[in-house]
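Engineer: This is structure.cif, which holds mmCIF, C-alpha atoms:
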```cif
data_model
loop_
_atom_site.label_atom_id
_atom_site.label_comp_id
_atom_site.auth_asym_id
_atom_site.auth_seq_id
_atom_site.Cartn_x
_atom_site.Cartn_y
_atom_site.Cartn_z
CA MET O 1 22.92 26.74 -246.41
CA SER O 2 22.11 27.49 -242.83
CA VAL O 3 24.79 27.43 -240.15
CA LEU O 4 24.59 27.39 -236.40
CA ILE O 5 27.05 29.50 -234.44
CA HIS O 6 27.49 30.49 -230.88
CA PHE O 7 29.78 33.23 -229.75
CA SER O 8 30.89 35.28 -226.84
CA MET O 9 32.28 38.78 -227.35
CA PHE O 10 33.39 41.03 -224.53
CA PRO O 11 35.77 43.89 -223.70
CA THR O 12 38.82 43.03 -221.61
CA ASP O 13 39.58 46.63 -220.67
CA LYS O 14 36.44 47.36 -218.66
CA GLY O 15 36.98 45.45 -215.44
CA THR O 16 35.01 42.53 -214.05
CA SER O 17 31.46 43.52 -214.99
CA VAL O 18 30.78 43.22 -218.68
CA SER O 19 27.07 42.41 -218.80
CA PRO O 20 26.16 45.90 -220.13
CA TYR O 21 28.30 45.11 -223.18
CA VAL O 22 26.84 41.64 -223.58
CA ALA O 23 23.39 43.25 -223.44
CA LYS O 24 24.35 45.60 -226.29
CA SER O 25 25.25 42.59 -228.41
CA LEU O 26 22.11 40.73 -227.45
CA ARG O 27 19.97 43.67 -228.53
CA ILE O 28 21.62 43.58 -231.96
CA ILE O 29 21.09 39.82 -232.18
CA ARG O 30 17.43 40.11 -231.16
CA ASP O 31 16.80 42.92 -233.64
CA SER O 32 18.29 40.83 -236.45
CA GLY O 33 15.21 38.63 -236.44
CA LEU O 34 17.33 35.48 -236.62
CA PRO O 35 16.62 32.57 -234.26
CA TYR O 36 18.90 32.86 -231.23
CA LYS O 37 19.37 31.48 -227.74
CA LEU O 38 21.17 33.19 -224.89
CA GLY O 39 23.24 30.84 -222.75
CA PRO O 40 25.36 31.45 -219.64
CA MET O 41 28.61 31.57 -221.62
CA SER O 42 27.59 32.40 -225.19
CA THR O 43 24.70 33.17 -227.51
CA ALA O 44 23.68 30.81 -230.30
CA VAL O 45 22.41 32.24 -233.61
CA GLU O 46 21.16 30.38 -236.68
CA GLY O 47 21.00 31.56 -240.29
CA GLU O 48 22.88 31.81 -243.55
CA TRP O 49 26.64 32.31 -243.12
CA GLY O 50 26.36 35.90 -244.38
CA GLU O 51 23.44 36.69 -242.10
CA VAL O 52 24.98 35.42 -238.88
CA MET O 53 28.38 36.93 -239.64
CA ALA O 54 26.76 40.31 -240.38
CA VAL O 55 25.21 40.17 -236.90
CA VAL O 56 28.55 39.31 -235.31
CA GLU O 57 30.21 42.18 -237.18
CA LYS O 58 27.54 44.62 -235.96
CA CYS O 59 28.21 43.53 -232.38
CA PHE O 60 31.90 44.16 -232.92
CA ALA O 61 31.26 47.61 -234.44
CA GLU O 62 29.07 48.49 -231.45
CA LEU O 63 31.62 47.40 -228.84
CA ARG O 64 34.48 49.08 -230.66
CA LYS O 65 32.87 52.46 -230.03
CA ASP O 66 33.62 52.20 -226.32
CA CYS O 67 36.26 49.51 -225.90
CA SER O 68 39.92 49.46 -226.81
CA ARG O 69 40.36 45.73 -226.35
CA ILE O 70 37.79 43.11 -227.32
CA TYR O 71 37.94 39.33 -227.30
CA MET O 72 35.65 36.94 -229.10
CA THR O 73 35.35 33.19 -229.29
CA LEU O 74 32.99 31.73 -231.89
CA GLN O 75 32.12 28.19 -232.87
CA MET O 76 30.29 27.25 -236.04
CA ASP O 77 28.58 23.99 -236.92
CA TYR O 78 27.37 23.37 -240.46
CA ARG O 79 25.29 20.37 -241.38
CA GLU O 80 24.07 20.13 -244.94
CA GLY O 81 20.34 20.58 -245.24
CA ALA O 82 19.75 20.90 -241.48
CA LEU O 83 17.41 23.62 -240.21
CA ASN O 84 15.86 24.70 -236.90
CA ARG O 85 18.82 23.36 -235.03
CA ILE O 86 18.78 25.65 -232.00
CA GLU O 87 15.99 23.60 -230.50
CA GLY O 88 16.53 20.52 -232.66
CA LYS O 89 20.01 19.68 -231.42
CA ILE O 90 18.96 19.91 -227.78
CA LYS O 91 15.95 17.67 -228.40
CA SER O 92 18.02 15.15 -230.33
CA VAL O 93 20.39 14.73 -227.38
CA GLU O 94 17.67 14.72 -224.71
CA GLU O 95 15.77 11.97 -226.54
CA LYS O 96 18.84 9.76 -226.32
CA LEU O 97 19.26 10.27 -222.57
CA MET Q 1 41.15 48.71 -237.27
CA SER Q 2 43.18 45.57 -237.54
CA VAL Q 3 42.14 42.41 -235.75
CA LEU Q 4 44.00 39.21 -235.03
CA ILE Q 5 42.13 35.94 -235.37
CA HIS Q 6 43.04 32.32 -235.30
CA PHE Q 7 40.73 29.59 -236.43
CA SER Q 8 40.44 25.92 -237.12
CA MET Q 9 37.92 24.62 -239.66
CA PHE Q 10 37.53 20.96 -240.56
CA PRO Q 11 35.00 18.41 -241.82
CA THR Q 12 33.66 15.94 -239.28
CA ASP Q 13 32.27 13.54 -241.89
CA LYS Q 14 35.58 12.54 -243.50
CA GLY Q 15 37.16 10.25 -240.92
CA THR Q 16 40.37 10.78 -238.97
CA SER Q 17 42.59 12.37 -241.61
CA VAL Q 18 41.62 15.91 -242.42
CA SER Q 19 44.93 17.51 -243.38
CA PRO Q 20 43.97 17.67 -247.10
CA TYR Q 21 41.07 19.93 -246.09
CA VAL Q 22 43.24 22.02 -243.80
CA ALA Q 23 45.67 22.42 -246.71
CA LYS Q 24 42.85 23.74 -248.93
CA SER Q 25 42.11 26.40 -246.33
CA LEU Q 26 45.76 27.25 -245.92
CA ARG Q 27 46.12 27.79 -249.65
CA ILE Q 28 43.24 30.29 -249.54
CA ILE Q 29 44.79 32.05 -246.55
CA ARG Q 30 48.21 32.22 -248.22
CA ASP Q 31 46.73 33.54 -251.46
CA SER Q 32 44.91 36.29 -249.55
CA GLY Q 33 48.20 38.07 -249.00
CA LEU Q 34 47.36 38.72 -245.34
CA PRO Q 35 49.94 37.97 -242.65
CA TYR Q 36 49.29 34.50 -241.27
CA LYS Q 37 50.90 31.82 -239.14
CA LEU Q 38 50.13 28.13 -239.23
CA GLY Q 39 50.10 26.47 -235.82
CA PRO Q 40 49.51 22.85 -234.77
CA MET Q 41 45.86 23.50 -233.81
CA SER Q 42 44.86 26.63 -235.75
CA THR Q 43 46.00 29.28 -238.18
CA ALA Q 44 46.37 32.92 -237.16
CA VAL Q 45 45.50 35.69 -239.65
CA GLU Q 46 45.77 39.45 -239.23
CA GLY Q 47 43.92 42.22 -241.07
CA GLU Q 48 40.80 44.33 -241.11
CA TRP Q 49 37.71 42.57 -239.79
CA GLY Q 50 36.22 42.44 -243.29
CA GLU Q 51 39.42 41.10 -244.81
CA VAL Q 52 39.97 38.26 -242.37
CA MET Q 53 36.31 37.28 -242.31
CA ALA Q 54 36.25 37.19 -246.13
CA VAL Q 55 39.14 34.71 -246.00
CA VAL Q 56 37.33 32.57 -243.43
CA GLU Q 57 34.19 32.59 -245.58
CA LYS Q 58 36.19 31.50 -248.64
CA CYS Q 59 37.58 28.56 -246.65
CA PHE Q 60 34.04 27.60 -245.66
CA ALA Q 61 32.79 27.84 -249.26
CA GLU Q 62 35.67 25.62 -250.40
CA LEU Q 63 35.05 22.94 -247.78
CA ARG Q 64 31.32 22.99 -248.34
CA LYS Q 65 31.85 21.70 -251.87
CA ASP Q 66 32.96 18.31 -250.54
CA CYS Q 67 31.80 18.10 -246.95
CA SER Q 68 28.35 17.73 -245.47
CA ARG Q 69 29.39 18.57 -241.92
CA ILE Q 70 31.95 21.22 -240.98
CA TYR Q 71 33.05 22.56 -237.61
CA MET Q 72 34.92 25.74 -236.90
CA THR Q 73 36.31 27.39 -233.83
CA LEU Q 74 37.58 30.96 -234.14
CA GLN Q 75 39.00 33.41 -231.65
CA MET Q 76 39.44 37.12 -232.29
CA ASP Q 77 41.51 39.63 -230.40
CA TYR Q 78 41.14 43.33 -231.13
CA ARG Q 79 43.44 45.90 -229.62
CA GLU Q 80 42.94 49.48 -230.70
CA GLY Q 81 45.78 50.78 -232.82
CA ALA Q 82 47.85 47.60 -232.59
CA LEU Q 83 49.52 46.23 -235.73
CA ASN Q 84 51.93 43.45 -236.66
CA ARG Q 85 50.73 41.37 -233.79
CA ILE Q 86 51.37 37.89 -235.18
CA GLU Q 87 55.03 38.23 -234.33
CA GLY Q 88 54.59 41.09 -231.85
CA LYS Q 89 52.51 39.20 -229.32
CA ILE Q 90 54.93 36.28 -229.24
CA LYS Q 91 57.89 38.63 -228.75
CA SER Q 92 56.11 40.56 -226.03
CA VAL Q 93 55.58 37.39 -224.00
CA GLU Q 94 59.04 35.95 -224.65
CA GLU Q 95 60.70 39.17 -223.47
CA LYS Q 96 58.94 38.80 -220.13
CA LEU Q 97 60.09 35.22 -219.61
CA MET E 1 47.05 8.27 -224.91
CA SER E 2 48.58 11.56 -225.82
CA VAL E 3 46.43 14.60 -226.53
CA LEU E 4 47.23 17.91 -228.14
CA ILE E 5 45.71 21.03 -226.66
CA HIS E 6 46.11 24.70 -227.17
CA PHE E 7 44.76 27.28 -224.81
CA SER E 8 44.68 30.94 -223.98
CA MET E 9 44.12 32.11 -220.40
CA PHE E 10 44.07 35.75 -219.38
CA PRO E 11 42.64 38.12 -216.78
CA THR E 12 39.84 40.42 -217.91
CA ASP E 13 40.14 42.78 -214.96
CA LYS E 14 43.66 44.08 -215.64
CA GLY E 15 43.16 46.40 -218.62
CA THR E 16 44.57 46.09 -222.10
CA SER E 17 48.07 44.73 -221.38
CA VAL E 18 48.05 41.14 -220.24
CA SER E 19 51.36 39.82 -221.53
CA PRO E 20 52.88 39.69 -217.98
CA TYR E 21 50.15 37.20 -217.09
CA VAL E 22 50.62 35.21 -220.28
CA ALA E 23 54.34 35.07 -219.44
CA LYS E 24 53.56 33.61 -216.01
CA SER E 25 51.60 30.82 -217.68
CA LEU E 26 54.29 30.24 -220.26
CA ARG E 27 56.89 29.82 -217.52
CA ILE E 28 54.74 27.12 -215.92
CA ILE E 29 54.29 25.41 -219.28
CA ARG E 30 58.00 25.54 -220.03
CA ASP E 31 58.91 24.20 -216.60
CA SER E 32 56.52 21.25 -217.07
CA GLY E 33 58.93 19.69 -219.53
CA LEU E 34 56.11 18.90 -221.95
CA PRO E 35 56.48 19.78 -225.65
CA TYR E 36 54.85 23.16 -226.27
CA LYS E 37 54.64 25.90 -228.87
CA LEU E 38 53.77 29.53 -228.22
CA GLY E 39 51.57 31.09 -230.89
CA PRO E 40 50.18 34.62 -231.28
CA MET E 41 46.79 33.69 -229.83
CA SER E 42 47.40 30.54 -227.78
CA THR E 43 49.97 28.03 -226.60
CA ALA E 44 49.92 24.41 -227.73
CA VAL E 45 50.95 21.66 -225.28
CA GLU E 46 51.20 17.91 -225.89
CA GLY E 47 51.06 15.06 -223.38
CA GLU E 48 48.78 12.70 -221.52
CA TRP E 49 45.40 14.20 -220.64
CA GLY E 50 46.33 14.31 -216.96
CA GLU E 51 49.69 15.93 -217.65
CA VAL E 52 48.42 18.73 -219.85
CA MET E 53 45.41 19.44 -217.64
CA ALA E 54 47.67 19.62 -214.57
CA VAL E 55 49.69 22.31 -216.36
CA VAL E 56 46.54 24.25 -217.26
CA GLU E 57 45.36 24.03 -213.65
CA LYS E 58 48.71 25.36 -212.40
CA CYS E 59 48.38 28.34 -214.74
CA PHE E 60 44.91 29.00 -213.36
CA ALA E 61 46.12 28.75 -209.75
CA GLU E 62 48.92 31.22 -210.54
CA LEU E 63 46.65 33.79 -212.17
CA ARG E 64 44.02 33.48 -209.47
CA LYS E 65 46.50 34.89 -206.95
CA ASP E 66 46.31 38.31 -208.62
CA CYS E 67 43.19 38.33 -210.76
CA SER E 68 39.53 38.40 -209.83
CA ARG E 69 38.27 37.54 -213.29
CA ILE E 70 39.92 35.08 -215.66
CA TYR E 71 38.85 33.75 -219.03
CA MET E 72 40.16 30.69 -220.80
CA THR E 73 39.51 29.06 -224.13
CA LEU E 74 40.97 25.62 -224.75
CA GLN E 75 40.78 23.22 -227.66
CA MET E 76 41.80 19.58 -227.50
CA ASP E 77 42.49 17.17 -230.34
CA TYR E 78 42.93 13.47 -229.63
CA ARG E 79 44.02 11.05 -232.29
CA GLU E 80 44.54 7.47 -231.23
CA GLY E 81 48.17 6.46 -231.30
CA ALA E 82 49.43 9.78 -232.65
CA LEU E 83 52.53 11.34 -231.12
CA ASN E 84 54.81 14.32 -231.76
CA ARG E 85 51.97 16.23 -233.26
CA ILE E 86 53.05 19.79 -232.45
CA GLU E 87 55.47 19.68 -235.36
CA GLY E 88 53.84 16.75 -237.14
CA LYS E 89 50.50 18.40 -237.85
CA ILE E 90 52.14 21.50 -239.30
CA LYS E 91 54.37 19.37 -241.54
CA SER E 92 51.45 17.23 -242.68
CA VAL E 93 49.57 20.31 -243.89
CA GLU E 94 52.59 22.03 -245.44
CA GLU E 95 53.42 18.91 -247.46
CA LYS E 96 49.97 19.07 -249.03
CA LEU E 97 50.28 22.71 -250.06
CA MET J 1 36.50 29.02 -205.99
CA SER J 2 33.73 28.13 -208.37
CA VAL J 3 34.23 28.32 -212.11
CA LEU J 4 31.80 28.25 -214.96
CA ILE J 5 32.71 26.29 -218.07
CA HIS J 6 30.97 25.23 -221.20
CA PHE J 7 32.31 22.66 -223.56
CA SER J 8 31.57 20.62 -226.60
CA MET J 9 33.27 17.24 -227.14
CA PHE J 10 32.60 15.01 -230.13
CA PRO J 11 34.19 12.31 -232.28
CA THR J 12 35.27 13.36 -235.78
CA ASP J 13 35.57 9.81 -237.09
CA LYS J 14 31.92 8.79 -236.79
CA GLY J 15 30.25 10.66 -239.65
CA THR J 16 27.64 13.39 -239.47
CA SER J 17 25.47 12.14 -236.59
CA VAL J 18 27.15 12.48 -233.22
CA SER J 19 24.22 13.03 -230.87
CA PRO J 20 24.58 9.50 -229.35
CA TYR J 21 28.07 10.53 -228.21
CA VAL J 22 26.89 13.90 -226.92
CA ALA J 23 24.19 12.02 -224.98
CA LYS J 24 26.86 9.82 -223.34
CA SER J 25 28.63 12.95 -222.12
CA LEU J 26 25.42 14.54 -220.95
CA ARG J 27 24.61 11.47 -218.88
CA ILE J 28 27.98 11.78 -217.15
CA ILE J 29 27.42 15.48 -216.53
CA ARG J 30 23.92 14.89 -215.15
CA ASP J 31 25.14 12.11 -212.88
CA SER J 32 27.86 14.38 -211.47
CA GLY J 33 25.25 16.33 -209.55
CA LEU J 34 26.80 19.64 -210.61
CA PRO J 35 24.58 22.42 -211.98
CA TYR J 36 24.57 22.23 -215.78
CA LYS J 37 22.71 23.55 -218.79
CA LEU J 38 22.54 21.91 -222.20
CA GLY J 39 22.70 24.36 -225.10
CA PRO J 40 22.57 23.84 -228.86
CA MET J 41 26.35 24.02 -229.26
CA SER J 42 27.76 23.18 -225.82
CA THR J 43 26.94 22.27 -222.27
CA ALA J 44 27.64 24.61 -219.34
CA VAL J 45 28.76 23.17 -215.99
CA GLU J 46 29.49 25.00 -212.73
CA GLY J 47 31.63 23.92 -209.81
CA GLU J 48 35.12 23.89 -208.38
CA TRP J 49 37.85 23.67 -211.01
CA GLY J 50 38.69 20.12 -209.93
CA GLU J 51 35.05 19.04 -209.98
CA VAL J 52 34.22 20.34 -213.45
CA MET J 53 37.49 19.11 -214.94
CA ALA J 54 36.91 15.65 -213.46
CA VAL J 55 33.56 15.56 -215.29
CA VAL J 56 35.18 16.64 -218.55
CA GLU J 57 37.83 13.95 -218.15
CA LYS J 58 35.16 11.29 -217.57
CA CYS J 59 33.44 12.33 -220.79
CA PHE J 60 36.75 11.99 -222.62
CA ALA J 61 37.41 8.55 -221.12
CA GLU J 62 33.93 7.43 -222.20
CA LEU J 63 34.29 8.64 -225.78
CA ARG J 64 37.78 7.22 -226.11
CA LYS J 65 36.37 3.71 -225.73
CA ASP J 66 34.70 3.95 -229.14
CA CYS J 67 36.33 6.82 -230.98
CA SER J 68 39.78 7.17 -232.48
CA ARG J 69 39.58 10.91 -233.01
CA ILE J 70 37.93 13.34 -230.61
CA TYR J 71 37.75 17.12 -230.62
CA MET J 72 36.85 19.39 -227.75
CA THR J 73 36.44 23.10 -227.30
CA LEU J 74 36.04 24.44 -223.78
CA GLN J 75 35.69 27.92 -222.36
CA MET J 76 36.07 28.82 -218.71
CA ASP J 77 35.01 31.95 -216.90
CA TYR J 78 36.16 32.56 -213.34
CA ARG J 79 34.83 35.42 -211.28
CA GLU J 80 36.01 35.66 -207.72
CA GLY J 81 33.28 34.94 -205.23
CA ALA J 82 30.56 34.48 -207.85
CA LEU J 83 28.13 31.57 -207.51
CA ASN J 84 24.98 30.29 -209.21
CA ARG J 85 26.09 31.80 -212.47
CA ILE J 86 24.40 29.44 -214.90
CA GLU J 87 21.11 31.22 -214.35
CA GLY J 88 22.63 34.38 -212.88
CA LYS J 89 24.58 35.45 -215.96
CA ILE J 90 21.56 35.05 -218.23
CA LYS J 91 19.38 37.08 -215.84
CA SER J 92 22.01 39.79 -215.51
CA VAL J 93 22.05 40.32 -219.29
CA GLU J 94 18.28 40.06 -219.75
CA GLU J 95 17.69 42.71 -217.09
CA LYS J 96 19.82 45.12 -219.08
CA LEU J 97 17.94 44.55 -222.34
#
```
Would you encode the structure as structure tokens?

Structural biologist:
Amino acid sequence: MSVLIHFSMFPTDKGTSVSPYVAKSLRIIRDSGLPYKLGPMSTAVEGEWGEVMAVVEKCFAELRKDCSRIYMTLQMDYREGALNRIEGKIKSVEEKL
Amino acid sequence: MSVLIHFSMFPTDKGTSVSPYVAKSLRIIRDSGLPYKLGPMSTAVEGEWGEVMAVVEKCFAELRKDCSRIYMTLQMDYREGALNRIEGKIKSVEEKL
Amino acid sequence: MSVLIHFSMFPTDKGTSVSPYVAKSLRIIRDSGLPYKLGPMSTAVEGEWGEVMAVVEKCFAELRKDCSRIYMTLQMDYREGALNRIEGKIKSVEEKL
Amino acid sequence: MSVLIHFSMFPTDKGTSVSPYVAKSLRIIRDSGLPYKLGPMSTAVEGEWGEVMAVVEKCFAELRKDCSRIYMTLQMDYREGALNRIEGKIKSVEEKL
């Protein structure tokens, strides 16, 4: 019951440069052991619903230590039986180009 | 540690009319007892992170029974110490108009 | 060829309180004459693609005067032939509850 | 006045497999000549507001030929004076890991 999400979470009370906070999240994602892919606007993560949401919650808990306002946008795509979609979806589109 | 989210979750394998599925989610949200507000493109819910995410997960579990592809977009806004924001944020903007 | 969008646009370099900036956008939306609905996390607007996107661009131009970093999330839903959806979609779901 | 967007646009009336439609959009993006990056859940594009939105509109016009319901989610990040952000933002985060 694997899902694919991508999300972007950042403080809005820390001025224009937020990459240190994005790096904190990325470290948590990397240490989760789940497949992930960092993009310019979001990070994709694949796993069971509970697994990926636990990672997102950890990122939130980490940012909340330092930040008094935090925004997140998250998209989720579930396709029954589908696996290894982080690379698979990109390939599937590129093959049709 | 209240957060405000809004989200939209729908099957993409059921053709153009998805309001029966949106209604299933709304019933789950209503039965959660959390403050919520149905909008034309999404439903806002307010509560602890764990509370609102549990509601979102229930909606996903419900849709997964019938649907083999499901999409969700979710936005979260956390503001330290802020409460009753579903109505509060609208009022705050309208006062400044 | 009407579309329904909702969007949220805000500076991320102005600290925790951004409602003055949201109010600037809402004034532009209101003055457009298009049907709209302010929600706690976003504002819905309905019209032709070109009409609604022109409004969004005006909001961006307004915020850019004062802000050096701006974030926006926007969702669009197109349904062939459908009109008056800001109220219609809410009613359609509530009837099924 | 460059902006960075990423977006995902897909029909919801065509069943579970939508990669042919995503490929149509990607062809339009590629042919625009703007810097872009295909990800598993969205495609990032960089350019002037008017340039990137013109590309998004072309994708919509293309899909509308065949599809009676279309959904899009789009995020935009503007940072005054910043350029070459598709690779730059990823590098900036990876350096901090």

Engineer: Which residue is closest to chain Q? Choose from O:Met9, O:Leu38, O:Ile70, O:Leu83 and count all atoms listed in the file.

Structural biologist: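 Smallest distance to chain Q is found for O:Ile70.
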
Engineer: What are the nearest atom pairs, with distances in Å to one decimal, for all residues of chain Q that come at most 9 Å from chain O, using all atoms listed in the file, set out by chain and rising residue number as JSON lines?

Structural biologist:
```
{"residue": "Q:Met9", "atom": "CA", "partner": "O:Met76", "partner_atom": "CA", "distance": 8.8}
{"residue": "Q:Trp49", "atom": "CA", "partner": "O:Glu57", "partner_atom": "CA", "distance": 8.0}
{"residue": "Q:Gly50", "atom": "CA", "partner": "O:Glu57", "partner_atom": "CA", "distance": 8.6}
{"residue": "Q:Met53", "atom": "CA", "partner": "O:Met53", "partner_atom": "CA", "distance": 8.4}
{"residue": "Q:Glu57", "atom": "CA", "partner": "O:Trp49", "partner_atom": "CA", "distance": 7.9}
{"residue": "Q:Arg64", "atom": "CA", "partner": "O:Glu80", "partner_atom": "CA", "distance": 8.5}
{"residue": "Q:Cys67", "atom": "CA", "partner": "O:Glu80", "partner_atom": "CA", "distance": 8.2}
{"residue": "Q:Ser68", "atom": "CA", "partner": "O:Glu80", "partner_atom": "CA", "distance": 4.9}
{"residue": "Q:Arg69", "atom": "CA", "partner": "O:Arg79", "partner_atom": "CA", "distance": 4.5}
{"residue": "Q:Ile70", "atom": "CA", "partner": "O:Tyr78", "partner_atom": "CA", "distance": 5.1}
{"residue": "Q:Tyr71", "atom": "CA", "partner": "O:Asp77", "partner_atom": "CA", "distance": 4.7}
{"residue": "Q:Met72", "atom": "CA", "partner": "O:Met76", "partner_atom": "CA", "distance": 4.9}
{"residue": "Q:Thr73", "atom": "CA", "partner": "O:Gln75", "partner_atom": "CA", "distance": 4.4}
{"residue": "Q:Leu74", "atom": "CA", "partner": "O:Leu74", "partner_atom": "CA", "distance": 5.2}
{"residue": "Q:Gln75", "atom": "CA", "partner": "O:Thr73", "partner_atom": "CA", "distance": 4.4}
{"residue": "Q:Met76", "atom": "CA", "partner": "O:Met72", "partner_atom": "CA", "distance": 5.0}
{"residue": "Q:Asp77", "atom": "CA", "partner": "O:Tyr71", "partner_atom": "CA", "distance": 4.7}
{"residue": "Q:Tyr78", "atom": "CA", "partner": "O:Ile70", "partner_atom": "CA", "distance": 5.1}
{"residue": "Q:Arg79", "atom": "CA", "partner": "O:Arg69", "partner_atom": "CA", "distance": 4.5}
{"residue": "Q:Glu80", "atom": "CA", "partner": "O:Ser68", "partner_atom": "CA", "distance": 4.9}
{"residue": "Q:Gly81", "atom": "CA", "partner": "O:Ser68", "partner_atom": "CA", "distance": 8.5}
```

Engineer: Least-squares superpose chain Q on chain O across all ordered C-alpha pairs, then write out what you get as a compact mmCIF listing (two decimals) with C-alpha atoms, keeping the file's coordinate frame.

Structural biologist:
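Written file, part-v9.txt:
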```txt
# COMPACT_ATOMS: atom_id res chain seq x y z
CA MET Q 1 22.91 26.73 -246.41
CA SER Q 2 22.10 27.48 -242.82
CA VAL Q 3 24.78 27.43 -240.16
CA LEU Q 4 24.58 27.39 -236.40
CA ILE Q 5 27.04 29.50 -234.45
CA HIS Q 6 27.48 30.48 -230.88
CA PHE Q 7 29.78 33.22 -229.76
CA SER Q 8 30.90 35.28 -226.84
CA MET Q 9 32.29 38.78 -227.35
CA PHE Q 10 33.40 41.05 -224.52
CA PRO Q 11 35.77 43.90 -223.69
CA THR Q 12 38.82 43.04 -221.61
CA ASP Q 13 39.59 46.65 -220.67
CA LYS Q 14 36.43 47.36 -218.66
CA GLY Q 15 36.99 45.45 -215.43
CA THR Q 16 35.01 42.52 -214.06
CA SER Q 17 31.46 43.52 -215.00
CA VAL Q 18 30.77 43.23 -218.68
CA SER Q 19 27.07 42.41 -218.80
CA PRO Q 20 26.16 45.90 -220.14
CA TYR Q 21 28.31 45.11 -223.19
CA VAL Q 22 26.84 41.64 -223.57
CA ALA Q 23 23.39 43.25 -223.44
CA LYS Q 24 24.33 45.60 -226.30
CA SER Q 25 25.25 42.59 -228.41
CA LEU Q 26 22.11 40.74 -227.44
CA ARG Q 27 19.97 43.68 -228.52
CA ILE Q 28 21.63 43.58 -231.96
CA ILE Q 29 21.09 39.83 -232.19
CA ARG Q 30 17.44 40.12 -231.16
CA ASP Q 31 16.81 42.93 -233.64
CA SER Q 32 18.30 40.83 -236.45
CA GLY Q 33 15.22 38.63 -236.42
CA LEU Q 34 17.34 35.47 -236.61
CA PRO Q 35 16.62 32.58 -234.25
CA TYR Q 36 18.89 32.87 -231.23
CA LYS Q 37 19.36 31.49 -227.74
CA LEU Q 38 21.15 33.18 -224.88
CA GLY Q 39 23.23 30.84 -222.75
CA PRO Q 40 25.35 31.45 -219.64
CA MET Q 41 28.62 31.55 -221.63
CA SER Q 42 27.59 32.40 -225.21
CA THR Q 43 24.70 33.17 -227.51
CA ALA Q 44 23.67 30.81 -230.30
CA VAL Q 45 22.40 32.24 -233.62
CA GLU Q 46 21.15 30.39 -236.69
CA GLY Q 47 20.99 31.56 -240.30
CA GLU Q 48 22.90 31.81 -243.54
CA TRP Q 49 26.63 32.31 -243.11
CA GLY Q 50 26.36 35.89 -244.38
CA GLU Q 51 23.45 36.68 -242.10
CA VAL Q 52 24.98 35.43 -238.88
CA MET Q 53 28.39 36.92 -239.65
CA ALA Q 54 26.77 40.30 -240.38
CA VAL Q 55 25.21 40.18 -236.91
CA VAL Q 56 28.55 39.31 -235.32
CA GLU Q 57 30.21 42.18 -237.18
CA LYS Q 58 27.53 44.61 -235.97
CA CYS Q 59 28.20 43.52 -232.38
CA PHE Q 60 31.91 44.15 -232.91
CA ALA Q 61 31.27 47.60 -234.42
CA GLU Q 62 29.07 48.49 -231.44
CA LEU Q 63 31.62 47.40 -228.84
CA ARG Q 64 34.47 49.07 -230.66
CA LYS Q 65 32.87 52.45 -230.03
CA ASP Q 66 33.63 52.20 -226.31
CA CYS Q 67 36.26 49.52 -225.90
CA SER Q 68 39.92 49.47 -226.81
CA ARG Q 69 40.36 45.73 -226.35
CA ILE Q 70 37.79 43.11 -227.32
CA TYR Q 71 37.94 39.32 -227.30
CA MET Q 72 35.67 36.93 -229.09
CA THR Q 73 35.34 33.19 -229.28
CA LEU Q 74 32.99 31.73 -231.89
CA GLN Q 75 32.13 28.20 -232.88
CA MET Q 76 30.28 27.24 -236.04
CA ASP Q 77 28.58 24.00 -236.92
CA TYR Q 78 27.38 23.38 -240.46
CA ARG Q 79 25.30 20.37 -241.36
CA GLU Q 80 24.08 20.15 -244.93
CA GLY Q 81 20.35 20.60 -245.23
CA ALA Q 82 19.75 20.91 -241.49
CA LEU Q 83 17.39 23.62 -240.20
CA ASN Q 84 15.86 24.69 -236.90
CA ARG Q 85 18.81 23.34 -235.03
CA ILE Q 86 18.78 25.64 -232.00
CA GLU Q 87 15.98 23.60 -230.49
CA GLY Q 88 16.54 20.52 -232.67
CA LYS Q 89 20.01 19.68 -231.42
CA ILE Q 90 18.96 19.92 -227.78
CA LYS Q 91 15.95 17.67 -228.41
CA SER Q 92 18.03 15.15 -230.33
CA VAL Q 93 20.39 14.73 -227.38
CA GLU Q 94 17.67 14.72 -224.72
CA GLU Q 95 15.78 11.96 -226.54
CA LYS Q 96 18.85 9.75 -226.31
CA LEU Q 97 19.27 10.26 -222.58
```

Engineer: Evaluate the PyMOL selection byres ((chain Q and resi 37) around 10) here and jot the selected residues down as an mmCIF file with C-alpha atoms, in the coordinates of the input.

Structural biologist:
```
data_model
loop_
_atom_site.group_PDB
_atom_site.id
_atom_site.type_symbol
_atom_site.label_atom_id
_atom_site.label_comp_id
_atom_site.auth_asym_id
_atom_site.auth_seq_id
_atom_site.Cartn_x
_atom_site.Cartn_y
_atom_site.Cartn_z
ATOM 1 C CA HIS Q 6 43.040 32.320 -235.300
ATOM 2 C CA LEU Q 26 45.760 27.250 -245.920
ATOM 3 C CA ILE Q 29 44.790 32.050 -246.550
ATOM 4 C CA ARG Q 30 48.210 32.220 -248.220
ATOM 5 C CA LEU Q 34 47.360 38.720 -245.340
ATOM 6 C CA PRO Q 35 49.940 37.970 -242.650
ATOM 7 C CA TYR Q 36 49.290 34.500 -241.270
ATOM 8 C CA LEU Q 38 50.130 28.130 -239.230
ATOM 9 C CA GLY Q 39 50.100 26.470 -235.820
ATOM 10 C CA SER Q 42 44.860 26.630 -235.750
ATOM 11 C CA THR Q 43 46.000 29.280 -238.180
ATOM 12 C CA ALA Q 44 46.370 32.920 -237.160
ATOM 13 C CA VAL Q 45 45.500 35.690 -239.650
ATOM 14 C CA GLU Q 46 45.770 39.450 -239.230
ATOM 15 C CA ILE Q 86 51.370 37.890 -235.180
ATOM 16 C CA GLU Q 87 55.030 38.230 -234.330
ATOM 17 C CA GLY E 39 51.570 31.090 -230.890
ATOM 18 C CA PRO E 40 50.180 34.620 -231.280
#
```
